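Trainee: So that you have it, the file is model_11.pdb, and it contains PDB, C-alpha atoms and all ligand atoms:
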```pdb
ATOM      1  CA  MET E   1      70.126  47.674  72.147  1.00  0.00           C
ATOM      2  CA  ASN E   2      69.837  51.233  70.874  1.00  0.00           C
ATOM      3  CA  THR E   3      71.937  53.316  73.255  1.00  0.00           C
ATOM      4  CA  SER E   4      71.326  56.596  71.413  1.00  0.00           C
ATOM      5  CA  THR E   5      67.677  56.936  72.535  1.00  0.00           C
ATOM      6  CA  PRO E   6      67.426  58.864  75.799  1.00  0.00           C
ATOM      7  CA  VAL E   7      66.064  56.803  78.665  1.00  0.00           C
ATOM      8  CA  ASP E   8      62.802  57.990  80.210  1.00  0.00           C
ATOM      9  CA  LEU E   9      63.895  57.595  83.837  1.00  0.00           C
ATOM     10  CA  ARG E  10      60.456  58.532  85.163  1.00  0.00           C
ATOM     11  CA  SER E  11      58.967  55.400  83.613  1.00  0.00           C
ATOM     12  CA  PHE E  12      61.204  53.298  85.908  1.00  0.00           C
ATOM     13  CA  ILE E  13      59.846  54.815  89.135  1.00  0.00           C
ATOM     14  CA  ALA E  14      56.824  53.045  90.616  1.00  0.00           C
ATOM     15  CA  ASP E  15      54.376  54.940  92.835  1.00  0.00           C
ATOM     16  CA  VAL E  16      53.253  52.907  95.839  1.00  0.00           C
ATOM     17  CA  PRO E  17      50.324  54.617  97.602  1.00  0.00           C
ATOM     18  CA  ASP E  18      50.007  54.451 101.390  1.00  0.00           C
ATOM     19  CA  PHE E  19      53.491  53.022 102.036  1.00  0.00           C
ATOM     20  CA  PRO E  20      54.976  52.910 104.644  1.00  0.00           C
ATOM     21  CA  LYS E  21      51.907  54.634 106.071  1.00  0.00           C
ATOM     22  CA  LYS E  22      48.599  56.059 104.877  1.00  0.00           C
ATOM     23  CA  GLY E  23      48.887  59.239 102.826  1.00  0.00           C
ATOM     24  CA  ILE E  24      52.512  58.707 101.699  1.00  0.00           C
ATOM     25  CA  VAL E  25      53.149  57.899  98.040  1.00  0.00           C
ATOM     26  CA  PHE E  26      56.383  55.922  98.162  1.00  0.00           C
ATOM     27  CA  LYS E  27      58.671  56.302  95.149  1.00  0.00           C
ATOM     28  CA  ASP E  28      59.925  52.779  94.492  1.00  0.00           C
ATOM     29  CA  ILE E  29      63.201  52.946  92.563  1.00  0.00           C
ATOM     30  CA  THR E  30      63.762  49.173  92.321  1.00  0.00           C
ATOM     31  CA  PRO E  31      62.594  48.988  88.641  1.00  0.00           C
ATOM     32  CA  LEU E  32      65.248  51.609  87.781  1.00  0.00           C
ATOM     33  CA  LEU E  33      67.938  49.748  89.729  1.00  0.00           C
ATOM     34  CA  ALA E  34      67.035  46.521  87.915  1.00  0.00           C
ATOM     35  CA  ASP E  35      67.430  48.013  84.436  1.00  0.00           C
ATOM     36  CA  PRO E  36      71.091  48.357  83.379  1.00  0.00           C
ATOM     37  CA  ARG E  37      70.395  51.151  80.890  1.00  0.00           C
ATOM     38  CA  ALA E  38      68.213  53.201  83.220  1.00  0.00           C
ATOM     39  CA  PHE E  39      70.523  52.735  86.206  1.00  0.00           C
ATOM     40  CA  GLY E  40      73.574  53.559  84.082  1.00  0.00           C
ATOM     41  CA  ALA E  41      71.897  56.662  82.620  1.00  0.00           C
ATOM     42  CA  ALA E  42      70.882  57.862  86.103  1.00  0.00           C
ATOM     43  CA  ILE E  43      74.373  57.400  87.513  1.00  0.00           C
ATOM     44  CA  ASP E  44      76.005  59.105  84.513  1.00  0.00           C
ATOM     45  CA  ALA E  45      73.657  62.085  84.740  1.00  0.00           C
ATOM     46  CA  MET E  46      74.114  62.437  88.508  1.00  0.00           C
ATOM     47  CA  ALA E  47      77.912  62.303  88.197  1.00  0.00           C
ATOM     48  CA  GLU E  48      78.235  64.521  85.110  1.00  0.00           C
ATOM     49  CA  PRO E  49      77.984  68.010  86.732  1.00  0.00           C
ATOM     50  CA  TYR E  50      80.771  67.072  89.153  1.00  0.00           C
ATOM     51  CA  ARG E  51      83.320  65.658  86.694  1.00  0.00           C
ATOM     52  CA  GLY E  52      86.618  67.477  86.884  1.00  0.00           C
ATOM     53  CA  LYS E  53      85.456  69.412  89.970  1.00  0.00           C
ATOM     54  CA  GLY E  54      87.947  67.814  92.336  1.00  0.00           C
ATOM     55  CA  ILE E  55      85.400  65.716  94.287  1.00  0.00           C
ATOM     56  CA  ARG E  56      87.467  63.386  96.492  1.00  0.00           C
ATOM     57  CA  LEU E  57      84.650  61.630  98.338  1.00  0.00           C
ATOM     58  CA  VAL E  58      80.990  60.790  97.741  1.00  0.00           C
ATOM     59  CA  ALA E  59      78.852  60.430 100.872  1.00  0.00           C
ATOM     60  CA  GLY E  60      75.767  58.200 100.707  1.00  0.00           C
ATOM     61  CA  ILE E  61      72.870  58.277 103.162  1.00  0.00           C
ATOM     62  CA  GLU E  62      71.721  54.860 104.430  1.00  0.00           C
ATOM     63  CA  SER E  63      70.492  52.865 102.754  1.00  0.00           C
ATOM     64  CA  ARG E  64      69.371  53.572  99.181  1.00  0.00           C
ATOM     65  CA  GLY E  65      71.823  56.466  99.033  1.00  0.00           C
ATOM     66  CA  PHE E  66      74.654  53.925  99.266  1.00  0.00           C
ATOM     67  CA  LEU E  67      73.664  52.385  95.907  1.00  0.00           C
ATOM     68  CA  PHE E  68      74.001  55.713  94.129  1.00  0.00           C
ATOM     69  CA  ALA E  69      77.016  56.957  96.100  1.00  0.00           C
ATOM     70  CA  SER E  70      79.147  53.932  95.266  1.00  0.00           C
ATOM     71  CA  ALA E  71      78.395  53.987  91.520  1.00  0.00           C
ATOM     72  CA  ILE E  72      78.842  57.785  91.274  1.00  0.00           C
ATOM     73  CA  ALA E  73      82.098  57.576  93.237  1.00  0.00           C
ATOM     74  CA  ARG E  74      83.490  55.164  90.626  1.00  0.00           C
ATOM     75  CA  ARG E  75      82.514  57.567  87.843  1.00  0.00           C
ATOM     76  CA  LEU E  76      84.277  60.438  89.643  1.00  0.00           C
ATOM     77  CA  ASP E  77      87.271  58.362  90.722  1.00  0.00           C
ATOM     78  CA  ALA E  78      86.390  59.261  94.310  1.00  0.00           C
ATOM     79  CA  GLY E  79      86.056  57.284  97.530  1.00  0.00           C
ATOM     80  CA  ILE E  80      82.904  56.725  99.598  1.00  0.00           C
ATOM     81  CA  VAL E  81      81.779  57.878 103.033  1.00  0.00           C
ATOM     82  CA  LEU E  82      78.904  56.102 104.789  1.00  0.00           C
ATOM     83  CA  ILE E  83      76.326  58.181 106.629  1.00  0.00           C
ATOM     84  CA  ARG E  84      74.394  55.701 108.733  1.00  0.00           C
ATOM     85  CA  LYS E  85      71.547  55.442 111.199  1.00  0.00           C
ATOM     86  CA  LYS E  86      72.501  55.509 114.875  1.00  0.00           C
ATOM     87  CA  GLY E  87      74.391  52.509 116.242  1.00  0.00           C
ATOM     88  CA  LYS E  88      75.506  50.921 112.959  1.00  0.00           C
ATOM     89  CA  LEU E  89      79.065  52.214 112.636  1.00  0.00           C
ATOM     90  CA  PRO E  90      81.662  50.290 114.664  1.00  0.00           C
ATOM     91  CA  ARG E  91      84.204  52.996 115.454  1.00  0.00           C
ATOM     92  CA  LYS E  92      83.986  56.384 117.174  1.00  0.00           C
ATOM     93  CA  THR E  93      81.374  58.574 115.484  1.00  0.00           C
ATOM     94  CA  LEU E  94      80.145  62.108 115.121  1.00  0.00           C
ATOM     95  CA  SER E  95      76.370  62.425 115.140  1.00  0.00           C
ATOM     96  CA  VAL E  96      73.565  64.792 114.283  1.00  0.00           C
ATOM     97  CA  THR E  97      69.951  64.642 115.416  1.00  0.00           C
ATOM     98  CA  TYR E  98      67.302  66.189 113.163  1.00  0.00           C
ATOM     99  CA  GLU E  99      63.552  66.744 113.173  1.00  0.00           C
ATOM    100  CA  LEU E 100      61.134  64.386 111.460  1.00  0.00           C
ATOM    101  CA  GLU E 101      57.413  65.006 110.996  1.00  0.00           C
ATOM    102  CA  TYR E 102      56.896  63.179 114.290  1.00  0.00           C
ATOM    103  CA  GLY E 103      59.957  63.016 116.545  1.00  0.00           C
ATOM    104  CA  THR E 104      63.641  62.997 115.683  1.00  0.00           C
ATOM    105  CA  ASP E 105      66.237  60.769 114.052  1.00  0.00           C
ATOM    106  CA  THR E 106      70.018  60.510 114.353  1.00  0.00           C
ATOM    107  CA  LEU E 107      72.664  60.055 111.665  1.00  0.00           C
ATOM    108  CA  GLU E 108      76.286  59.142 112.303  1.00  0.00           C
ATOM    109  CA  VAL E 109      79.609  59.171 110.477  1.00  0.00           C
ATOM    110  CA  HIS E 110      82.986  57.811 111.522  1.00  0.00           C
ATOM    111  CA  GLU E 111      85.249  60.417 113.050  1.00  0.00           C
ATOM    112  CA  GLY E 112      87.963  61.293 110.559  1.00  0.00           C
ATOM    113  CA  ALA E 113      85.977  59.854 107.608  1.00  0.00           C
ATOM    114  CA  ALA E 114      86.997  62.904 105.567  1.00  0.00           C
ATOM    115  CA  ALA E 115      89.988  65.149 106.113  1.00  0.00           C
ATOM    116  CA  PRO E 116      89.184  68.808 106.849  1.00  0.00           C
ATOM    117  CA  GLY E 117      88.668  70.781 103.634  1.00  0.00           C
ATOM    118  CA  THR E 118      87.954  67.701 101.461  1.00  0.00           C
ATOM    119  CA  PRO E 119      85.421  68.495  98.677  1.00  0.00           C
ATOM    120  CA  LEU E 120      82.615  65.984  99.042  1.00  0.00           C
ATOM    121  CA  LEU E 121      79.426  65.221  97.099  1.00  0.00           C
ATOM    122  CA  LEU E 122      76.388  64.129  99.155  1.00  0.00           C
ATOM    123  CA  VAL E 123      73.990  61.678  97.487  1.00  0.00           C
ATOM    124  CA  ASP E 124      70.582  60.212  98.292  1.00  0.00           C
ATOM    125  CA  ASP E 125      67.706  58.703  96.328  1.00  0.00           C
ATOM    126  CA  VAL E 126      64.859  61.047  97.327  1.00  0.00           C
ATOM    127  CA  LEU E 127      64.684  64.643  98.569  1.00  0.00           C
ATOM    128  CA  ALA E 128      61.403  64.845 100.480  1.00  0.00           C
ATOM    129  CA  THR E 129      61.154  67.334 103.389  1.00  0.00           C
ATOM    130  CA  GLY E 130      64.929  67.851 103.340  1.00  0.00           C
ATOM    131  CA  GLY E 131      65.515  67.083 107.021  1.00  0.00           C
ATOM    132  CA  THR E 132      67.709  64.071 106.345  1.00  0.00           C
ATOM    133  CA  ALA E 133      69.912  65.813 103.772  1.00  0.00           C
ATOM    134  CA  LYS E 134      70.215  68.923 105.940  1.00  0.00           C
ATOM    135  CA  GLY E 135      71.348  66.774 108.872  1.00  0.00           C
ATOM    136  CA  ALA E 136      73.818  64.923 106.635  1.00  0.00           C
ATOM    137  CA  CYS E 137      75.296  68.245 105.417  1.00  0.00           C
ATOM    138  CA  GLU E 138      75.756  69.329 109.028  1.00  0.00           C
ATOM    139  CA  LEU E 139      77.484  66.054 109.805  1.00  0.00           C
ATOM    140  CA  ILE E 140      79.894  66.448 106.872  1.00  0.00           C
ATOM    141  CA  GLU E 141      80.664  69.966 108.040  1.00  0.00           C
ATOM    142  CA  LYS E 142      81.304  68.676 111.576  1.00  0.00           C
ATOM    143  CA  LEU E 143      84.061  66.563 109.998  1.00  0.00           C
ATOM    144  CA  GLY E 144      85.434  69.797 108.544  1.00  0.00           C
ATOM    145  CA  ALA E 145      84.834  68.580 104.979  1.00  0.00           C
ATOM    146  CA  LYS E 146      83.196  70.780 102.339  1.00  0.00           C
ATOM    147  CA  VAL E 147      79.773  69.965 100.824  1.00  0.00           C
ATOM    148  CA  ALA E 148      80.528  70.649  97.151  1.00  0.00           C
ATOM    149  CA  GLY E 149      77.088  69.475  96.021  1.00  0.00           C
ATOM    150  CA  VAL E 150      73.961  67.556  96.994  1.00  0.00           C
ATOM    151  CA  SER E 151      72.575  65.213  94.354  1.00  0.00           C
ATOM    152  CA  PHE E 152      69.290  63.272  94.336  1.00  0.00           C
ATOM    153  CA  LEU E 153      67.671  60.969  91.845  1.00  0.00           C
ATOM    154  CA  ILE E 154      64.210  62.298  92.801  1.00  0.00           C
ATOM    155  CA  GLU E 155      62.947  65.552  94.309  1.00  0.00           C
ATOM    156  CA  LEU E 156      59.430  65.797  95.721  1.00  0.00           C
ATOM    157  CA  GLY E 157      59.217  69.521  95.013  1.00  0.00           C
ATOM    158  CA  PHE E 158      55.810  69.954  96.650  1.00  0.00           C
ATOM    159  CA  LEU E 159      57.389  69.182 100.047  1.00  0.00           C
ATOM    160  CA  GLY E 160      59.793  72.140  99.744  1.00  0.00           C
ATOM    161  CA  GLY E 161      62.875  70.246 100.962  1.00  0.00           C
ATOM    162  CA  ARG E 162      65.170  72.430  98.857  1.00  0.00           C
ATOM    163  CA  LYS E 163      64.535  75.344 101.254  1.00  0.00           C
ATOM    164  CA  LYS E 164      66.357  73.445 104.003  1.00  0.00           C
ATOM    165  CA  LEU E 165      69.390  73.241 101.690  1.00  0.00           C
ATOM    166  CA  SER E 166      69.408  76.868 100.556  1.00  0.00           C
ATOM    167  CA  GLY E 167      72.821  78.201  99.585  1.00  0.00           C
ATOM    168  CA  ARG E 168      73.965  74.740  98.505  1.00  0.00           C
ATOM    169  CA  ASP E 169      74.382  73.286  95.012  1.00  0.00           C
ATOM    170  CA  VAL E 170      71.316  71.002  94.924  1.00  0.00           C
ATOM    171  CA  ARG E 171      70.425  68.866  91.888  1.00  0.00           C
ATOM    172  CA  ALA E 172      67.785  66.236  91.137  1.00  0.00           C
ATOM    173  CA  LEU E 173      67.236  64.284  87.945  1.00  0.00           C
ATOM    174  CA  ILE E 174      63.494  63.795  88.327  1.00  0.00           C
ATOM    175  CA  ALA E 175      61.183  66.329  89.984  1.00  0.00           C
ATOM    176  CA  TYR E 176      57.545  65.811  90.944  1.00  0.00           C
TER     177      TYR E 176
HETATM  178  P1  LIG Q 201      63.320  63.735 104.072  1.00  0.00           P
HETATM  179  O1  LIG Q 201      64.231  63.860 105.261  1.00  0.00           O
HETATM  180  O2  LIG Q 201      61.900  64.014 104.392  1.00  0.00           O
HETATM  181  O3  LIG Q 201      63.832  64.582 102.898  1.00  0.00           O
HETATM  182  O4  LIG Q 201      63.316  62.219 103.623  1.00  0.00           O
HETATM  183  C1  LIG Q 201      64.343  61.728 102.891  1.00  0.00           C
HETATM  184  C2  LIG Q 201      64.580  60.258 103.138  1.00  0.00           C
HETATM  185  O5  LIG Q 201      63.389  59.490 103.273  1.00  0.00           O
HETATM  186  C3  LIG Q 201      65.331  59.694 101.962  1.00  0.00           C
HETATM  187  O6  LIG Q 201      66.425  58.958 102.465  1.00  0.00           O
HETATM  188  C4  LIG Q 201      64.334  58.834 101.220  1.00  0.00           C
HETATM  189  O7  LIG Q 201      64.893  57.586 100.935  1.00  0.00           O
HETATM  190  C5  LIG Q 201      63.151  58.664 102.152  1.00  0.00           C
HETATM  191  N1  LIG Q 201      61.871  59.094 101.566  1.00  0.00           N
HETATM  192  C6  LIG Q 201      61.114  60.139 101.976  1.00  0.00           C
HETATM  193  N2  LIG Q 201      59.982  60.224 101.305  1.00  0.00           N
HETATM  194  C7  LIG Q 201      59.995  59.223 100.389  1.00  0.00           C
HETATM  195  C8  LIG Q 201      59.089  58.774  99.362  1.00  0.00           C
HETATM  196  N3  LIG Q 201      57.915  59.392  99.139  1.00  0.00           N
HETATM  197  N4  LIG Q 201      59.437  57.719  98.616  1.00  0.00           N
HETATM  198  C9  LIG Q 201      60.618  57.083  98.835  1.00  0.00           C
HETATM  199  N5  LIG Q 201      61.500  57.446  99.792  1.00  0.00           N
HETATM  200  C10 LIG Q 201      61.208  58.502 100.560  1.00  0.00           C
END
```
Output the file's structure in the form of structure tokens.
Mentor:
Amino acid sequence: MNTSTPVDLRSFIADVPDFPKKGIVFKDITPLLADPRAFGAAIDAMAEPYRGKGIRLVAGIESRGFLFASAIARRLDAGIVLIRKKGKLPRKTLSVTYELEYGTDTLEVHEGAAAPGTPLLLVDDVLATGGTAKGACELIEKLGAKVAGVSFLIELGFLGGRKKLSGRDVRALIAY
């Protein structure tokens, strides 16, 4: 295996038209997850800007965000915080409800999951309209923790999600 050649991460993302509903092009990341070199390169590149920056916790958004959060947390020698859909966490939670294209959704985190002032990196697979990540940032700030950065594997730039995260350190490895 030649590890010196850069990995073309884009070639490991499969476009699935009309999933989960007509008009949506779903970015399927499972080919990237299944390839050790591509997955490793993605995790290294997502973690790199935050090395030595004092990140204590990495928060992942259910569910694909968990895959990236746990691997990045190991690279940064940090712990993990789970941001989950309503009703999944067993202890007392804080919650945030945010707008979707049609209706609303709710995210939750365990109370006390991060001590006030803790520098935390938020991670998810895809930045689309930005509603989910914005809600997750609000939730982290309800804990009193500090959002030190927001990192995505993929950004769907044409949906303008970055605007919802203005003023934050937002990064994505692959932009469409
Ligand atoms: P949004 O709140 O619109 O930024 O949506 C972000 C969430 O929805 C992320 O957790 C993604 O996993 C998922 N998502 C949105 N659009 C797509 C897409 N086109 N392909 C794959 N996942 C998506």
Trainee: For range 21-27 of chain E, find every residue with an atom within 12 Å (counting all atoms listed in the file), except residues of its own chain fewer than 2 positions away, and show them as a PyMOL selection string.
Mentor: chain E and resi 10-19+29-32+64+125-128+153-156+159+174-176
Trainee: Please enumerate the residues selected by the PyMOL selection byres (((chain E and resi 66) around 10) and not hetatm) when evaluated against the supplied file, formatted as a list in words.
Mentor: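 Expected selection for the PyMOL selection byres (((chain E and resi 66) around 10) and not hetatm) here is Val58, Ala59, Gly60, Ile61, Glu62, Ser63, Arg64, Gly65, Leu67, Phe68, Ala69, Ser70, Ala71, Ile72, Ile80, Val81, Leu82, Ile83, Arg84, Val123, Asp124 and Asp125 of chain E.
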Trainee: Check what the PyMOL selection byres (((chain E and resi 5-8) around 12) and not hetatm) selects in the file above and give those residues as a PyMOL selection string.
Mentor: chain E and resi 1-4+9-13+32+35-42+44-45+173-174
Trainee: Care to translate the PyMOL selection byres (((chain E and resi 95) around 12) and not hetatm) into actual residues of this file, as a count of residues only?
Mentor: 29
Trainee: In Å, with one decimal, what is the gap from CA of Ala113 in chain E to CA of Ala145 in chain E?
Mentor: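 Result for CA of Ala113 in chain E versus CA of Ala145 in chain E: 9.2 Å, one decimal.
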